[in-house]
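Colleague: Input structure: final_22.json, which contains JSON, C-alpha atoms.
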[["chain", "number", "residue", "atom", "x", "y", "z"],
["A", 1, "MET", "CA", 0.00, 0.00, 0.00],
["A", 2, "ASN", "CA", 1.48, 3.35, -0.99],
["A", 3, "ALA", "CA", 1.49, 6.50, 1.12],
["A", 4, "LEU", "CA", -1.38, 8.09, -0.81],
["A", 5, "GLU", "CA", -3.65, 5.05, -0.38],
["A", 6, "LYS", "CA", -2.78, 5.00, 3.32],
["A", 7, "HIS", "CA", -3.68, 8.70, 3.59],
["A", 8, "PHE", "CA", -7.08, 8.14, 1.94],
["A", 9, "LEU", "CA", -7.90, 5.36, 4.42],
["A", 10, "GLU", "CA", -7.99, 8.01, 7.17],
["A", 11, "ASN", "CA", -8.93, 11.17, 5.25],
["A", 12, "ASN", "CA", -11.35, 12.06, 2.51],
["A", 13, "ILE", "CA", -9.16, 14.77, 0.96],
["A", 14, "ILE", "CA", -5.49, 15.65, 0.59],
["A", 15, "THR", "CA", -3.78, 19.02, 0.21],
["A", 16, "ASN", "CA", -0.54, 19.83, -1.59],
["A", 17, "LYS", "CA", 1.08, 20.38, 1.82],
["A", 18, "GLN", "CA", -0.12, 17.02, 3.21],
["A", 19, "ALA", "CA", 1.06, 15.25, 0.04],
["A", 20, "GLU", "CA", 4.53, 16.78, 0.34],
["A", 21, "GLU", "CA", 4.69, 15.71, 4.01],
["A", 22, "ILE", "CA", 4.18, 12.06, 2.99],
["A", 23, "GLY", "CA", 6.65, 12.32, 0.10],
["A", 24, "ILE", "CA", 4.32, 12.92, -2.86],
["A", 25, "LYS", "CA", 5.18, 15.78, -5.21],
["A", 26, "ARG", "CA", 2.52, 18.16, -6.56],
["A", 27, "HIS", "CA", 3.07, 17.03, -10.14],
["A", 28, "ILE", "CA", 2.09, 13.48, -9.10],
["A", 29, "LEU", "CA", -1.26, 14.80, -7.82],
["A", 30, "ALA", "CA", -1.76, 16.73, -11.06],
["A", 31, "SER", "CA", -0.94, 13.57, -13.03],
["A", 32, "LEU", "CA", -3.49, 11.55, -11.01],
["A", 33, "VAL", "CA", -6.12, 14.22, -11.75],
["A", 34, "HIS", "CA", -5.26, 13.99, -15.46],
["A", 35, "LYS", "CA", -5.61, 10.17, -15.32],
["A", 36, "GLY", "CA", -9.00, 10.52, -13.61],
["A", 37, "GLU", "CA", -7.97, 8.91, -10.33],
["A", 38, "LEU", "CA", -8.19, 12.12, -8.30],
["A", 39, "GLU", "CA", -10.50, 15.10, -8.52],
["A", 40, "ARG", "CA", -9.49, 18.67, -7.76],
["A", 41, "VAL", "CA", -11.90, 20.04, -5.11],
["A", 42, "ARG", "CA", -10.34, 23.50, -5.23],
["A", 43, "ASN", "CA", -6.88, 24.99, -5.60],
["A", 44, "GLY", "CA", -4.40, 22.68, -3.84],
["A", 45, "VAL", "CA", -7.09, 20.29, -2.49],
["A", 46, "TYR", "CA", -7.87, 16.87, -3.97],
["A", 47, "LYS", "CA", -10.14, 13.90, -3.31],
["A", 48, "LYS", "CA", -10.50, 10.41, -4.75],
["A", 49, "LYS", "CA", -12.50, 10.47, -7.98],
["A", 50, "ASP", "CA", -15.71, 8.89, -6.67],
["A", 51, "ALA", "CA", -15.49, 10.02, -3.04],
["A", 52, "ILE", "CA", -18.42, 11.89, -1.53],
["A", 53, "ASP", "CA", -17.64, 15.52, -0.70],
["A", 54, "ASP", "CA", -16.88, 15.96, 2.99],
["A", 55, "ASP", "CA", -17.93, 19.56, 3.69],
["A", 56, "PHE", "CA", -16.33, 19.48, 7.16],
["A", 57, "ALA", "CA", -12.94, 18.50, 5.73],
["A", 58, "VAL", "CA", -13.14, 20.95, 2.81],
["A", 59, "ILE", "CA", -13.93, 23.85, 5.17],
["A", 60, "SER", "CA", -11.20, 23.01, 7.66],
["A", 61, "VAL", "CA", -8.39, 22.17, 5.22],
["A", 62, "ASN", "CA", -5.80, 24.96, 4.94],
["A", 63, "ASN", "CA", -7.54, 26.84, 7.78],
["A", 64, "GLU", "CA", -5.31, 26.07, 10.76],
["A", 65, "GLN", "CA", -6.78, 28.90, 12.86],
["A", 66, "MET", "CA", -10.36, 27.58, 12.87],
["A", 67, "VAL", "CA", -12.21, 25.06, 15.00],
["A", 68, "PHE", "CA", -15.72, 23.68, 14.58],
["A", 69, "SER", "CA", -17.84, 24.88, 17.49],
["A", 70, "PHE", "CA", -21.38, 25.34, 18.80],
["A", 71, "HIS", "CA", -24.07, 23.45, 16.77],
["A", 72, "THR", "CA", -21.49, 21.97, 14.40],
["A", 73, "ALA", "CA", -19.29, 20.58, 17.19],
["A", 74, "LEU", "CA", -22.37, 19.20, 18.96],
["A", 75, "TYR", "CA", -23.26, 17.33, 15.76],
["A", 76, "LEU", "CA", -19.71, 16.00, 15.28],
["A", 77, "LEU", "CA", -19.63, 14.79, 18.90],
["A", 78, "GLY", "CA", -23.01, 13.05, 18.61],
["A", 79, "PHE", "CA", -24.93, 15.40, 20.90],
["A", 80, "SER", "CA", -27.16, 16.76, 18.14],
["A", 81, "ASP", "CA", -28.88, 14.86, 15.36],
["A", 82, "ARG", "CA", -29.36, 17.99, 13.22],
["A", 83, "ILE", "CA", -27.04, 17.94, 10.24],
["A", 84, "PRO", "CA", -25.61, 21.46, 10.09],
["A", 85, "ASN", "CA", -26.88, 23.65, 7.26],
["A", 86, "VAL", "CA", -24.75, 26.45, 8.72],
["A", 87, "PHE", "CA", -21.27, 25.53, 9.91],
["A", 88, "HIS", "CA", -20.24, 27.23, 13.16],
["A", 89, "ILE", "CA", -16.52, 27.87, 13.46],
["A", 90, "THR", "CA", -14.45, 29.69, 16.06],
["A", 91, "VAL", "CA", -11.31, 31.68, 15.32],
["A", 92, "PRO", "CA", -9.04, 33.75, 17.58],
["A", 93, "GLN", "CA", -9.76, 37.48, 17.91],
["A", 94, "GLY", "CA", -7.86, 39.45, 15.31],
["A", 95, "TYR", "CA", -7.87, 36.58, 12.80],
["A", 96, "ASN", "CA", -9.20, 37.65, 9.41],
["A", 97, "ALA", "CA", -11.79, 35.01, 8.48],
["A", 98, "GLU", "CA", -13.01, 36.84, 5.37],
["A", 99, "HIS", "CA", -11.35, 34.31, 3.04],
["A", 100, "ILE", "CA", -13.36, 31.52, 4.69],
["A", 101, "LYS", "CA", -16.62, 33.50, 4.49],
["A", 102, "ARG", "CA", -16.00, 34.24, 0.80],
["A", 103, "LYS", "CA", -15.38, 30.57, -0.07],
["A", 104, "PHE", "CA", -18.24, 29.18, 2.02],
["A", 105, "LEU", "CA", -21.51, 31.09, 2.28],
["A", 106, "ASN", "CA", -22.92, 28.82, 5.01],
["A", 107, "ILE", "CA", -20.38, 29.76, 7.71],
["A", 108, "LYS", "CA", -21.05, 31.46, 11.04],
["A", 109, "VAL", "CA", -17.83, 32.78, 12.56],
["A", 110, "HIS", "CA", -17.38, 33.19, 16.33],
["A", 111, "TYR", "CA", -14.38, 35.08, 17.75],
["A", 112, "VAL", "CA", -12.70, 34.29, 21.08],
["A", 113, "LYS", "CA", -9.74, 35.71, 22.96],
["A", 114, "ARG", "CA", -6.50, 34.16, 21.75],
["A", 115, "ASP", "CA", -5.71, 32.70, 25.19],
["A", 116, "CYS", "CA", -9.05, 30.80, 25.17],
["A", 117, "PHE", "CA", -8.86, 29.56, 21.58],
["A", 118, "ASN", "CA", -7.17, 26.21, 22.36],
["A", 119, "LEU", "CA", -9.28, 25.53, 25.45],
["A", 120, "GLY", "CA", -10.98, 22.15, 24.90],
["A", 121, "LEU", "CA", -9.59, 21.72, 21.39],
["A", 122, "ILE", "CA", -9.70, 18.11, 20.14],
["A", 123, "LYS", "CA", -9.57, 16.23, 16.86],
["A", 124, "THR", "CA", -12.55, 14.15, 15.84],
["A", 125, "LYS", "CA", -13.79, 12.23, 12.82],
["A", 126, "THR", "CA", -16.45, 13.54, 10.45],
["A", 127, "PRO", "CA", -19.29, 11.21, 9.39],
["A", 128, "LEU", "CA", -17.23, 10.49, 6.24],
["A", 129, "GLY", "CA", -14.09, 9.68, 8.23],
["A", 130, "SER", "CA", -11.93, 12.78, 7.83],
["A", 131, "THR", "CA", -10.13, 14.19, 10.87],
["A", 132, "VAL", "CA", -11.07, 17.77, 11.83],
["A", 133, "LYS", "CA", -10.64, 20.03, 14.86],
["A", 134, "CYS", "CA", -13.57, 20.83, 17.10],
["A", 135, "TYR", "CA", -14.18, 21.67, 20.73],
["A", 136, "ASN", "CA", -14.83, 18.93, 23.27],
["A", 137, "MET", "CA", -18.16, 18.60, 25.05],
["A", 138, "GLU", "CA", -17.15, 20.60, 28.12],
["A", 139, "ARG", "CA", -16.13, 23.55, 25.96],
["A", 140, "CYS", "CA", -19.32, 23.20, 23.86],
["A", 141, "ILE", "CA", -21.47, 23.25, 27.00],
["A", 142, "CYS", "CA", -19.70, 26.41, 28.21],
["A", 143, "ASP", "CA", -20.11, 28.04, 24.79],
["A", 144, "ILE", "CA", -23.83, 27.32, 24.48],
["A", 145, "VAL", "CA", -24.50, 28.42, 28.06],
["A", 146, "LEU", "CA", -22.56, 31.62, 27.35],
["A", 147, "LYS", "CA", -24.64, 32.30, 24.20],
["A", 148, "ARG", "CA", -27.86, 30.59, 25.34],
["A", 149, "LYS", "CA", -30.11, 33.43, 24.15],
["A", 150, "SER", "CA", -29.06, 32.85, 20.54],
["A", 151, "ILE", "CA", -29.03, 29.01, 20.65],
["A", 152, "ASP", "CA", -32.03, 26.99, 19.44],
["A", 153, "LYS", "CA", -33.86, 25.85, 22.61],
["A", 154, "GLN", "CA", -34.17, 22.22, 21.50],
["A", 155, "ILE", "CA", -30.48, 21.96, 20.63],
["A", 156, "PHE", "CA", -29.60, 23.59, 23.97],
["A", 157, "ILE", "CA", -31.77, 21.22, 26.04],
["A", 158, "ASN", "CA", -30.66, 18.09, 24.12],
["A", 159, "ALA", "CA", -27.00, 19.02, 24.49],
["A", 160, "LEU", "CA", -27.25, 19.68, 28.24],
["A", 161, "THR", "CA", -29.30, 16.59, 29.07],
["A", 162, "GLY", "CA", -27.16, 14.43, 26.75],
["A", 163, "TYR", "CA", -23.97, 15.70, 28.35],
["A", 164, "PHE", "CA", -25.08, 15.19, 31.94],
["A", 165, "LYS", "CA", -26.31, 11.65, 31.12],
["A", 166, "SER", "CA", -23.06, 10.82, 29.33],
["A", 167, "LYS", "CA", -20.56, 8.44, 30.94],
["A", 168, "GLU", "CA", -17.72, 10.41, 29.30],
["A", 169, "LYS", "CA", -18.59, 13.73, 30.94],
["A", 170, "ASN", "CA", -15.79, 15.44, 32.84],
["A", 171, "THR", "CA", -17.36, 17.87, 35.30],
["A", 172, "ARG", "CA", -13.94, 18.85, 36.65],
["A", 173, "ASN", "CA", -12.97, 20.17, 33.20],
["A", 174, "LEU", "CA", -16.42, 21.74, 32.82],
["A", 175, "ILE", "CA", -15.88, 23.77, 36.01],
["A", 176, "LYS", "CA", -12.30, 24.63, 35.00],
["A", 177, "TYR", "CA", -13.38, 25.86, 31.55],
["A", 178, "SER", "CA", -16.34, 27.78, 32.98],
["A", 179, "ARG", "CA", -14.03, 29.56, 35.42],
["A", 180, "ILE", "CA", -11.66, 30.56, 32.59],
["A", 181, "LEU", "CA", -14.59, 31.73, 30.42],
["A", 182, "GLY", "CA", -16.22, 33.65, 33.29],
["A", 183, "ILE", "CA", -19.45, 31.62, 33.57],
["A", 184, "GLU", "CA", -18.73, 29.35, 36.54],
["A", 185, "GLU", "CA", -21.82, 30.51, 38.46],
["A", 186, "GLU", "CA", -24.19, 29.66, 35.57],
["A", 187, "ILE", "CA", -22.54, 26.27, 35.00],
["A", 188, "ARG", "CA", -22.83, 25.40, 38.70],
["A", 189, "LYS", "CA", -26.59, 26.13, 38.51],
["A", 190, "TYR", "CA", -26.96, 23.58, 35.71],
["A", 191, "LEU", "CA", -24.83, 21.07, 37.66],
["A", 192, "GLU", "CA", -27.23, 21.38, 40.62],
["A", 193, "VAL", "CA", -30.38, 21.00, 38.51],
["A", 194, "LEU", "CA", -29.17, 18.22, 36.22]]
Translate this file's structure into structure tokens.
Modeller:
Amino acid sequence: MNALEKHFLENNIITNKQAEEIGIKRHILASLVHKGELERVRNGVYKKKDAIDDDFAVISVNNEQMVFSFHTALYLLGFSDRIPNVFHITVPQGYNAEHIKRKFLNIKVHYVKRDCFNLGLIKTKTPLGSTVKCYNMERCICDIVLKRKSIDKQIFINALTGYFKSKEKNTRNLIKYSRILGIEEEIRKYLEVL
């Protein structure tokens, strides 16, 4: 099995940069497109010819300073059954996300202080098997409690009840994150009720 085949076992797409990291030159990718084995998704991004488009992977590729968050992260983590029609991403304050908004019309950008950007950051698999960055459940709970007035009520309730019923919940991290984000009092209220 060659390096490219190995890459496609774990990811739906490949970028020029990723190809170079595994020892494949750009002209090889161009040649595979010409032969009909790969398809160019956009500049510098390729997928296998018959592979289904993975919107999560396409949005996140080449965007190191973005993380899936809010409704989108809840979906990726299995705490929402609503397939996102708008992708929620978080970027650090001061980051210019205009290039992402121009490429993808269905993006909602959230900005956070740079020192909170990596709080709860994990990698997870998309439904099509690509690896993307999103926030963990504790961070998602803090985010939706922080912005609860703008969150769909059903998504909010399902996420909270799902989290507190979950065997994987980490209330110690939840309290730690809530303290850093300045919402410890609100989170403690939910801990008491649920």
Colleague: Using only C-alpha atoms, find the one residue out of A:Asp143, A:Glu10, A:Glu192, A:Glu168 that sits nearest to Lys125 in chain A.
Modeller: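 Answer, going by the shortest atom-to-atom distance: A:Glu10.
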Colleague: Which one of A:Met137, A:Leu119, A:Val91, A:Val145 sits closest to Tyr75 in chain A if you count only C-alpha atoms?
Modeller: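 Ranked by minimum distance to Tyr75 in chain A, first place goes to A:Met137.
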Colleague: So, counting only C-alpha atoms, which residue among A:Ile107, A:Val67, A:Leu74, A:Val61 is closest to Asn11 in chain A?
Modeller: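 Nearest candidate to Asn11 in chain A out of A:Ile107, A:Val67, A:Leu74, A:Val61: A:Val61.
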Colleague: So how far away is CA of Asn106 in chain A from CA of Asp55 in chain A, in Å?
Modeller: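 CA of Asn106 in chain A lies at a distance of 10.6 Å from CA of Asp55 in chain A.
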Colleague: Leaving out Gln18 in chain A and any residue of its chain fewer than 2 positions from it, which residues lie within 12 Å of it when counting all atoms listed in the file, given as a PyMOL selection string?
Modeller: chain A and resi 3-4+7-8+11+13-16+20-26+29+44-46+61-62
Colleague: Grab the residues selected above and save them as an mmCIF file, in the frame of the given file with C-alpha atoms.
Modeller:
data_model
loop_
_atom_site.group_PDB
_atom_site.id
_atom_site.type_symbol
_atom_site.label_atom_id
_atom_site.label_comp_id
_atom_site.auth_asym_id
_atom_site.auth_seq_id
_atom_site.Cartn_x
_atom_site.Cartn_y
_atom_site.Cartn_z
ATOM 1 C CA ALA A 3 1.490 6.500 1.120
ATOM 2 C CA LEU A 4 -1.380 8.090 -0.810
ATOM 3 C CA HIS A 7 -3.680 8.700 3.590
ATOM 4 C CA PHE A 8 -7.080 8.140 1.940
ATOM 5 C CA ASN A 11 -8.930 11.170 5.250
ATOM 6 C CA ILE A 13 -9.160 14.770 0.960
ATOM 7 C CA ILE A 14 -5.490 15.650 0.590
ATOM 8 C CA THR A 15 -3.780 19.020 0.210
ATOM 9 C CA ASN A 16 -0.540 19.830 -1.590
ATOM 10 C CA GLU A 20 4.530 16.780 0.340
ATOM 11 C CA GLU A 21 4.690 15.710 4.010
ATOM 12 C CA ILE A 22 4.180 12.060 2.990
ATOM 13 C CA GLY A 23 6.650 12.320 0.100
ATOM 14 C CA ILE A 24 4.320 12.920 -2.860
ATOM 15 C CA LYS A 25 5.180 15.780 -5.210
ATOM 16 C CA ARG A 26 2.520 18.160 -6.560
ATOM 17 C CA LEU A 29 -1.260 14.800 -7.820
ATOM 18 C CA GLY A 44 -4.400 22.680 -3.840
ATOM 19 C CA VAL A 45 -7.090 20.290 -2.490
ATOM 20 C CA TYR A 46 -7.870 16.870 -3.970
ATOM 21 C CA VAL A 61 -8.390 22.170 5.220
ATOM 22 C CA ASN A 62 -5.800 24.960 4.940
#
Colleague: Report as lines of an AutoDock Vina configuration file the centre and the edge lengths, in Å to one decimal, of the axis-aligned box holding every listed atom of range 20-31 of chain A, padded by 5 Å on each side.
Modeller:
center_x = 2.4
center_y = 15.1
center_z = -4.5
size_x = 18.4
size_y = 16.1
size_z = 27.0
Colleague: Rounded to one decimal in Å, what is the spacing between CA of Thr72 in chain A and CA of His88 in chain A?
Modeller: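 Result for CA of Thr72 in chain A versus CA of His88 in chain A: 5.5 Å, one decimal.
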Colleague: What does the distance between CA of Ala51 in chain A and CA of Glu37 in chain A come to in Å, to one decimal place?
Modeller: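 Pair CA of Ala51 in chain A / CA of Glu37 in chain A returns 10.5 Å.
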